[in-house]
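What follows is the content of structure-v6.pdb, which has PDB, C-alpha atoms and all ligand atoms:
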ATOM      1  CA  MET I 703      -5.059   8.314  -6.051  1.00  0.00           C
ATOM      2  CA  ALA I 704      -7.746   8.455  -8.735  1.00  0.00           C
ATOM      3  CA  ILE I 705     -11.084   9.745  -7.369  1.00  0.00           C
ATOM      4  CA  ARG I 706     -13.817   8.572  -9.694  1.00  0.00           C
ATOM      5  CA  GLU I 707     -16.552  10.819  -8.223  1.00  0.00           C
ATOM      6  CA  LEU I 708     -14.390  13.863  -8.995  1.00  0.00           C
ATOM      7  CA  ASP I 709     -13.109  12.584 -12.333  1.00  0.00           C
ATOM      8  CA  LYS I 710      -9.663  13.039 -10.873  1.00  0.00           C
ATOM      9  CA  PRO I 711      -6.959  10.884 -12.482  1.00  0.00           C
ATOM     10  CA  ALA I 712      -4.221   9.341 -10.383  1.00  0.00           C
ATOM     11  CA  TRP I 713      -1.000  11.334  -9.970  1.00  0.00           C
ATOM     12  CA  THR I 714      -2.804  14.693 -10.133  1.00  0.00           C
ATOM     13  CA  ALA I 715      -3.574  17.119  -7.306  1.00  0.00           C
ATOM     14  CA  CYS I 716      -7.172  17.343  -6.126  1.00  0.00           C
ATOM     15  CA  ALA I 717      -9.019  20.593  -6.880  1.00  0.00           C
ATOM     16  CA  HIS I 718     -10.324  20.538  -3.295  1.00  0.00           C
ATOM     17  CA  LEU I 719      -6.935  20.737  -1.618  1.00  0.00           C
ATOM     18  CA  ALA I 720      -7.066  23.720   0.744  1.00  0.00           C
ATOM     19  CA  SER I 721      -4.305  26.287   0.395  1.00  0.00           C
ATOM     20  CA  GLU I 722      -3.487  25.961   4.098  1.00  0.00           C
ATOM     21  CA  GLY I 723      -3.351  22.164   3.717  1.00  0.00           C
ATOM     22  CA  GLY I 724      -6.017  19.494   4.154  1.00  0.00           C
ATOM     23  CA  CYS I 725      -9.342  19.050   2.411  1.00  0.00           C
ATOM     24  CA  ALA I 726     -11.530  22.095   1.685  1.00  0.00           C
ATOM     25  CA  VAL I 727     -14.693  19.972   1.423  1.00  0.00           C
ATOM     26  CA  TRP I 728     -14.055  17.733   4.433  1.00  0.00           C
ATOM     27  CA  GLY I 729     -17.328  16.231   5.606  1.00  0.00           C
ATOM     28  CA  ASP I 730     -18.715  16.378   2.068  1.00  0.00           C
ATOM     29  CA  HIS I 731     -15.731  14.615   0.527  1.00  0.00           C
ATOM     30  CA  PRO I 732     -16.621  11.727  -1.824  1.00  0.00           C
ATOM     31  CA  PRO I 733     -17.186   8.131  -0.646  1.00  0.00           C
ATOM     32  CA  SER I 734     -13.916   7.039  -2.308  1.00  0.00           C
ATOM     33  CA  CYS I 735     -12.030   9.451  -0.051  1.00  0.00           C
ATOM     34  CA  LYS I 736     -14.002   8.367   3.019  1.00  0.00           C
ATOM     35  CA  SER I 737     -13.270   4.687   2.457  1.00  0.00           C
ATOM     36  CA  PHE I 738      -9.595   5.153   1.611  1.00  0.00           C
ATOM     37  CA  THR I 739      -7.163   3.737   4.161  1.00  0.00           C
ATOM     38  CA  CYS I 740      -3.618   4.981   4.528  1.00  0.00           C
ATOM     39  CA  LEU I 741      -1.846   2.407   6.652  1.00  0.00           C
ATOM     40  CA  TRP I 742       0.291   4.925   8.516  1.00  0.00           C
ATOM     41  CA  ARG I 743      -2.764   6.866   9.623  1.00  0.00           C
ATOM     42  CA  ARG I 744      -4.638   3.715  10.524  1.00  0.00           C
ATOM     43  CA  SER I 745      -2.434   2.999  13.509  1.00  0.00           C
ATOM     44  CA  ASP I 746       0.059   4.970  15.553  1.00  0.00           C
ATOM     45  CA  SER I 747       2.083   1.860  16.371  1.00  0.00           C
ATOM     46  CA  LEU I 748       1.881  -0.319  13.258  1.00  0.00           C
ATOM     47  CA  LEU I 749       4.558   1.556  11.303  1.00  0.00           C
ATOM     48  CA  PRO I 750       7.517   3.659  12.415  1.00  0.00           C
ATOM     49  CA  ALA I 751       7.121   7.439  12.692  1.00  0.00           C
ATOM     50  CA  GLU I 752       9.669   7.772   9.873  1.00  0.00           C
ATOM     51  CA  MET I 753       7.087   6.285   7.522  1.00  0.00           C
ATOM     52  CA  PHE I 754       4.913   9.412   7.705  1.00  0.00           C
ATOM     53  CA  PRO I 755       4.107   9.768   3.979  1.00  0.00           C
ATOM     54  CA  ALA I 756       4.999  13.454   3.621  1.00  0.00           C
ATOM     55  CA  GLY I 757       8.453  12.699   4.960  1.00  0.00           C
ATOM     56  CA  CYS I 758       9.432   9.294   3.587  1.00  0.00           C
ATOM     57  CA  GLY I 759       8.353   9.783  -0.034  1.00  0.00           C
ATOM     58  CA  PHE I 760       5.769   7.018  -0.261  1.00  0.00           C
ATOM     59  CA  MET I 761       2.489   5.977   1.315  1.00  0.00           C
ATOM     60  CA  LEU I 762       1.127   2.544   2.154  1.00  0.00           C
ATOM     61  CA  ALA I 763      -2.505   2.033   1.110  1.00  0.00           C
ATOM     62  CA  VAL I 764      -4.609  -1.089   1.674  1.00  0.00           C
ATOM     63  CA  ASP I 765      -6.926  -2.319  -1.087  1.00  0.00           C
ATOM     64  CA  GLN I 766      -9.453  -4.037   1.192  1.00  0.00           C
ATOM     65  CA  LEU I 767      -9.452  -4.056   4.972  1.00  0.00           C
ATOM     66  CA  GLU I 768     -12.363  -6.382   5.586  1.00  0.00           C
ATOM     67  CA  THR I 769     -11.611  -9.177   3.138  1.00  0.00           C
ATOM     68  CA  TRP I 770      -8.812 -11.544   2.204  1.00  0.00           C
ATOM     69  CA  PRO I 771      -6.858 -11.576  -0.051  1.00  0.00           C
ATOM     70  CA  THR I 772      -5.822  -7.977  -0.122  1.00  0.00           C
ATOM     71  CA  VAL I 773      -2.920  -5.956  -1.478  1.00  0.00           C
ATOM     72  CA  VAL I 774      -0.871  -3.318   0.326  1.00  0.00           C
ATOM     73  CA  LYS I 775       0.261  -0.702  -2.182  1.00  0.00           C
ATOM     74  CA  VAL I 776       3.444   1.280  -1.727  1.00  0.00           C
ATOM     75  CA  CYS I 777       2.553   4.474  -3.608  1.00  0.00           C
ATOM     76  CA  ALA I 778       5.618   6.489  -4.556  1.00  0.00           C
ATOM     77  CA  GLU I 779       5.461  10.257  -4.320  1.00  0.00           C
ATOM     78  CA  ILE I 780       5.723  12.157  -7.612  1.00  0.00           C
ATOM     79  CA  GLY I 781       9.319  13.214  -8.049  1.00  0.00           C
ATOM     80  CA  ARG I 782      10.608  10.652  -5.511  1.00  0.00           C
ATOM     81  CA  PRO I 783      10.033   7.365  -7.350  1.00  0.00           C
ATOM     82  CA  HIS I 784      12.760   5.434  -5.544  1.00  0.00           C
ATOM     83  CA  ALA I 785      12.461   6.764  -1.979  1.00  0.00           C
ATOM     84  CA  TRP I 786      10.903   3.442  -0.956  1.00  0.00           C
ATOM     85  CA  ASP I 787      13.981   1.478  -2.048  1.00  0.00           C
ATOM     86  CA  GLN I 788      16.023   1.323   1.152  1.00  0.00           C
ATOM     87  CA  PRO I 789      16.986  -1.839   3.038  1.00  0.00           C
ATOM     88  CA  ALA I 790      15.026  -0.821   6.160  1.00  0.00           C
ATOM     89  CA  TRP I 791      11.812  -0.223   4.182  1.00  0.00           C
ATOM     90  CA  ARG I 792      12.258  -3.382   2.129  1.00  0.00           C
ATOM     91  CA  GLU I 793      12.562  -5.336   5.358  1.00  0.00           C
ATOM     92  CA  ILE I 794       9.284  -3.856   6.655  1.00  0.00           C
ATOM     93  CA  PHE I 795       7.516  -4.654   3.348  1.00  0.00           C
ATOM     94  CA  ARG I 796       8.832  -8.221   3.470  1.00  0.00           C
ATOM     95  CA  ARG I 797       7.699  -8.737   7.066  1.00  0.00           C
ATOM     96  CA  LEU I 798       4.322  -7.088   6.454  1.00  0.00           C
ATOM     97  CA  ALA I 799       3.647  -9.370   3.458  1.00  0.00           C
ATOM     98  CA  ALA I 800       4.488 -12.441   5.562  1.00  0.00           C
ATOM     99  CA  ALA I 801       2.547 -11.315   8.663  1.00  0.00           C
ATOM    100  CA  TRP I 802      -0.609 -10.375   6.739  1.00  0.00           C
ATOM    101  CA  ASN I 803      -0.336 -13.139   4.125  1.00  0.00           C
ATOM    102  CA  CYS I 804      -0.736 -10.538   1.388  1.00  0.00           C
ATOM    103  CA  ALA I 805       1.223  -8.966  -1.442  1.00  0.00           C
ATOM    104  CA  VAL I 806       2.995  -5.644  -0.867  1.00  0.00           C
ATOM    105  CA  VAL I 807       3.322  -3.971  -4.258  1.00  0.00           C
ATOM    106  CA  VAL I 808       5.343  -0.893  -5.197  1.00  0.00           C
ATOM    107  CA  ILE I 809       3.367   1.415  -7.501  1.00  0.00           C
ATOM    108  CA  GLU I 810       5.141   4.089  -9.506  1.00  0.00           C
ATOM    109  CA  GLN I 811       3.694   6.737 -11.783  1.00  0.00           C
ATOM    110  CA  GLY I 812       2.485   5.215 -15.033  1.00  0.00           C
ATOM    111  CA  MET I 813       2.991   1.695 -13.696  1.00  0.00           C
ATOM    112  CA  ARG I 814       0.441  -0.441 -11.851  1.00  0.00           C
ATOM    113  CA  GLY I 815       3.148  -2.377 -10.073  1.00  0.00           C
ATOM    114  CA  ARG I 816       6.905  -2.543 -10.276  1.00  0.00           C
ATOM    115  CA  ILE I 817       8.058  -4.762  -7.403  1.00  0.00           C
ATOM    116  CA  ALA I 818       5.914  -7.226  -5.451  1.00  0.00           C
ATOM    117  CA  PHE I 819       6.818  -8.694  -2.065  1.00  0.00           C
ATOM    118  CA  ALA I 820       5.010 -12.036  -1.671  1.00  0.00           C
ATOM    119  CA  PRO I 821       4.074 -13.635   1.687  1.00  0.00           C
ATOM    120  CA  SER I 822       6.511 -16.462   0.952  1.00  0.00           C
ATOM    121  CA  GLY I 823       9.415 -14.006   0.965  1.00  0.00           C
ATOM    122  CA  ARG I 824       9.807 -14.107  -2.801  1.00  0.00           C
ATOM    123  CA  ILE I 825      10.218 -10.748  -4.538  1.00  0.00           C
ATOM    124  CA  TYR I 826       8.824 -10.303  -8.050  1.00  0.00           C
ATOM    125  CA  ASP I 827      10.158  -7.640 -10.412  1.00  0.00           C
ATOM    126  CA  ARG I 828       8.213  -6.424 -13.441  1.00  0.00           C
ATOM    127  CA  ALA I 829      11.408  -6.521 -15.496  1.00  0.00           C
ATOM    128  CA  THR I 830      11.881 -10.270 -15.004  1.00  0.00           C
ATOM    129  CA  ASP I 831       8.360 -11.464 -14.065  1.00  0.00           C
ATOM    130  CA  PRO I 832       6.007  -9.335 -16.228  1.00  0.00           C
ATOM    131  CA  ALA I 833       3.182 -11.917 -16.109  1.00  0.00           C
ATOM    132  CA  VAL I 834       2.774 -11.340 -12.357  1.00  0.00           C
ATOM    133  CA  PHE I 835       1.935  -7.647 -12.711  1.00  0.00           C
ATOM    134  CA  PRO I 836      -1.362  -5.989 -13.595  1.00  0.00           C
ATOM    135  CA  ALA I 837      -1.950  -4.863 -17.138  1.00  0.00           C
ATOM    136  CA  GLU I 838      -5.105  -3.763 -18.910  1.00  0.00           C
ATOM    137  CA  GLY I 839      -7.855  -6.114 -17.768  1.00  0.00           C
ATOM    138  CA  ARG I 840      -5.535  -8.149 -15.567  1.00  0.00           C
ATOM    139  CA  GLU I 841      -5.011  -8.184 -11.817  1.00  0.00           C
ATOM    140  CA  LEU I 842      -1.871  -8.925  -9.855  1.00  0.00           C
ATOM    141  CA  ALA I 843      -1.091 -12.619 -10.308  1.00  0.00           C
ATOM    142  CA  ILE I 844       1.132 -13.782  -7.457  1.00  0.00           C
ATOM    143  CA  PRO I 845       1.178 -17.619  -7.608  1.00  0.00           C
ATOM    144  CA  ALA I 846      -1.103 -19.342  -5.061  1.00  0.00           C
ATOM    145  CA  ALA I 847       1.913 -21.230  -3.666  1.00  0.00           C
ATOM    146  CA  ASP I 848       3.296 -17.926  -2.341  1.00  0.00           C
ATOM    147  CA  TYR I 849       0.356 -17.539   0.078  1.00  0.00           C
ATOM    148  CA  GLY I 850      -0.112 -19.199   3.446  1.00  0.00           C
ATOM    149  CA  SER I 851      -3.324 -20.696   4.792  1.00  0.00           C
ATOM    150  CA  ASP I 852      -4.208 -17.925   7.294  1.00  0.00           C
ATOM    151  CA  ARG I 853      -6.975 -15.941   5.603  1.00  0.00           C
ATOM    152  CA  ARG I 854      -7.825 -13.385   8.264  1.00  0.00           C
ATOM    153  CA  PRO I 855      -8.533  -9.936   6.784  1.00  0.00           C
ATOM    154  CA  PRO I 856      -6.250  -6.954   7.555  1.00  0.00           C
ATOM    155  CA  ALA I 857      -8.814  -5.281   9.844  1.00  0.00           C
ATOM    156  CA  GLN I 858      -8.655  -8.273  12.177  1.00  0.00           C
ATOM    157  CA  ARG I 859      -4.872  -8.405  12.003  1.00  0.00           C
ATOM    158  CA  ILE I 860      -4.644  -4.730  12.913  1.00  0.00           C
ATOM    159  CA  ALA I 861      -7.002  -5.301  15.856  1.00  0.00           C
ATOM    160  CA  ASP I 862      -4.895  -8.290  16.950  1.00  0.00           C
ATOM    161  CA  ALA I 863      -1.645  -6.319  16.505  1.00  0.00           C
ATOM    162  CA  ALA I 864      -0.440  -9.195  14.313  1.00  0.00           C
ATOM    163  CA  PHE I 865       2.208  -6.950  12.790  1.00  0.00           C
ATOM    164  CA  ARG I 866       4.311  -4.203  14.306  1.00  0.00           C
ATOM    165  CA  TRP I 867       7.400  -2.825  12.645  1.00  0.00           C
ATOM    166  CA  ASP I 868       9.434  -3.039  15.874  1.00  0.00           C
ATOM    167  CA  ALA I 869       8.235  -6.482  16.993  1.00  0.00           C
ATOM    168  CA  PRO I 870      10.808  -9.281  16.828  1.00  0.00           C
TER     169      PRO I 870
HETATM  170  S1  LIG I 901     -10.183  14.079   0.804  1.00  0.00           S
HETATM  171 FE1  LIG I 901     -10.703  16.094  -0.077  1.00  0.00          FE
HETATM  172  S2  LIG I 901      -8.745  16.908  -0.863  1.00  0.00           S
HETATM  173 FE2  LIG I 901      -8.446  14.700  -0.545  1.00  0.00          FE
HETATM  174  S3  LIG I 901      -8.902  13.779  -2.556  1.00  0.00           S
HETATM  175 FE3  LIG I 901     -10.820  13.755  -1.345  1.00  0.00          FE
HETATM  176  S4  LIG I 901     -11.911  15.647  -1.908  1.00  0.00           S
HETATM  177 FE4  LIG I 901      -9.780  15.865  -2.579  1.00  0.00          FE
END
Could I get this structure in the form of structure tokens?
Ligand code: SF4
Amino acid sequence: MAIRELDKPAWTACAHLASEGGCAVWGDHPPSCKSFTCLWRRSDSLLPAEMFPAGCGFMLAVDQLETWPTVVKVCAEIGRPHAWDQPAWREIFRRLAAAWNCAVVVIEQGMRGRIAFAPSGRIYDRATDPAVFPAEGRELAIPAADYGSDRRPPAQRIADAAFRWDAP
């Protein structure tokens, strides 16, 4: 993640990483770090244990928890750009997009979006649908018809347990 208060670009290690692991300035870490939400950490039941970011090779991050629409980003680990691309993970991304009425977008290094799972079940690929993906000065542009009418924000959906990976 880019941390603007630290002038830290995305895809670089933070200077405050402690050698034994964790954050060396915890408590005084910047507001961007404090407001960041990793979806795996947010709930111990929302996602399977196998989706622990250090193990699976990607992390799910939510753009906005308190407002709709929002985007869930699948952030690939450096050196493991395709770890996310397994049928079981794709199925969770598809179901999460439908349950939260939001886009789930795969982010790879140097790319602000490669694959987008829409709430409708449609999957957009940058190679064939470039107009959907963010570019300089442009946000993700999933067509309005791909969204449902339920506009509850993610925070409420988490509280309501509206999505669980192992729910039918
Ligand atoms: S939480 Fe700490 S280690 Fe992590 S990015 Fe923020 S300042 Fe750096």
Convert the output of the PyMOL selection byres (((chain I and resi 799-812) around 7) and not hetatm) on the shown file into explicit residues, formatted as a PyMOL selection string. chain I and resi 713+771-778+783+795-798+813-823+849-850+852+856+864-865
Please, which residues have at least one atom within 10 Å of an atom of ligand LIG 901 (chain I), using only C-alpha atoms and all ligand atoms, listed as a VMD selection string? chain I and resid 703 to 705 707 to 708 710 714 to 720 723 to 736 738
Using all atoms listed in the file: which of I:Ile844, I:Glu779, I:Ile794, I:Pro832 has the shortest distance to Asp868 (chain I): I:Ile794
In Å, with one decimal, what is the gap from CA of Ala833 (chain I) to CA of Asp848 (chain I)? 15.0 Å
Best match for closeness to Trp791 (chain I) among I:Pro750, I:Val764, I:Asp831, I:Asp862, counting all atoms listed in the file: I:Pro750
Evaluated on this file, the PyMOL selection byres (((chain I and resi 768) around 12) and not hetatm) picks out some residues - which ones are they, written as JSON, numbers by chain? {"I": [737, 739, 764, 765, 766, 767, 769, 770, 771, 772, 773, 853, 854, 855, 856, 857, 858, 859, 860, 861]}
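Here CA of Ala829 (chain I) stands at a distance of 21.2 Å from CA of Gly781 (chain I).
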Quick check on the file I pasted: which residues fall under the PyMOL selection byres (((chain I and resi 753) around 12) and not hetatm)? Write them as JSON, numbers by chain. {"I": [740, 741, 742, 743, 745, 746, 747, 748, 749, 750, 751, 752, 754, 755, 756, 757, 758, 759, 760, 761, 762, 776, 785, 786, 790, 791, 794, 795, 867]}
Go ahead and write the selection's residues with C-alpha atoms as an mmCIF file, in the frame of the given file.
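As written to disk, again33.cif reads:
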data_model
loop_
_atom_site.group_PDB
_atom_site.id
_atom_site.type_symbol
_atom_site.label_atom_id
_atom_site.label_comp_id
_atom_site.auth_asym_id
_atom_site.auth_seq_id
_atom_site.Cartn_x
_atom_site.Cartn_y
_atom_site.Cartn_z
ATOM 1 C CA CYS I 740 -3.618 4.981 4.528
ATOM 2 C CA LEU I 741 -1.846 2.407 6.652
ATOM 3 C CA TRP I 742 0.291 4.925 8.516
ATOM 4 C CA ARG I 743 -2.764 6.866 9.623
ATOM 5 C CA SER I 745 -2.434 2.999 13.509
ATOM 6 C CA ASP I 746 0.059 4.970 15.553
ATOM 7 C CA SER I 747 2.083 1.860 16.371
ATOM 8 C CA LEU I 748 1.881 -0.319 13.258
ATOM 9 C CA LEU I 749 4.558 1.556 11.303
ATOM 10 C CA PRO I 750 7.517 3.659 12.415
ATOM 11 C CA ALA I 751 7.121 7.439 12.692
ATOM 12 C CA GLU I 752 9.669 7.772 9.873
ATOM 13 C CA PHE I 754 4.913 9.412 7.705
ATOM 14 C CA PRO I 755 4.107 9.768 3.979
ATOM 15 C CA ALA I 756 4.999 13.454 3.621
ATOM 16 C CA GLY I 757 8.453 12.699 4.960
ATOM 17 C CA CYS I 758 9.432 9.294 3.587
ATOM 18 C CA GLY I 759 8.353 9.783 -0.034
ATOM 19 C CA PHE I 760 5.769 7.018 -0.261
ATOM 20 C CA MET I 761 2.489 5.977 1.315
ATOM 21 C CA LEU I 762 1.127 2.544 2.154
ATOM 22 C CA VAL I 776 3.444 1.280 -1.727
ATOM 23 C CA ALA I 785 12.461 6.764 -1.979
ATOM 24 C CA TRP I 786 10.903 3.442 -0.956
ATOM 25 C CA ALA I 790 15.026 -0.821 6.160
ATOM 26 C CA TRP I 791 11.812 -0.223 4.182
ATOM 27 C CA ILE I 794 9.284 -3.856 6.655
ATOM 28 C CA PHE I 795 7.516 -4.654 3.348
ATOM 29 C CA TRP I 867 7.400 -2.825 12.645
#
Adding 5 Å on each side of the box along x, y and z that holds all listed atoms of region 706-723 of chain I, could you give its centre and edge lengths in Å to one decimal, as JSON?
{"center_x": -8.8, "center_y": 17.4, "center_z": -4.2, "size_x": 25.6, "size_y": 27.7, "size_z": 26.6}
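Distance-wise, CA of Asp709 (chain I) and CA of Pro836 (chain I) end up 22.0 Å apart.
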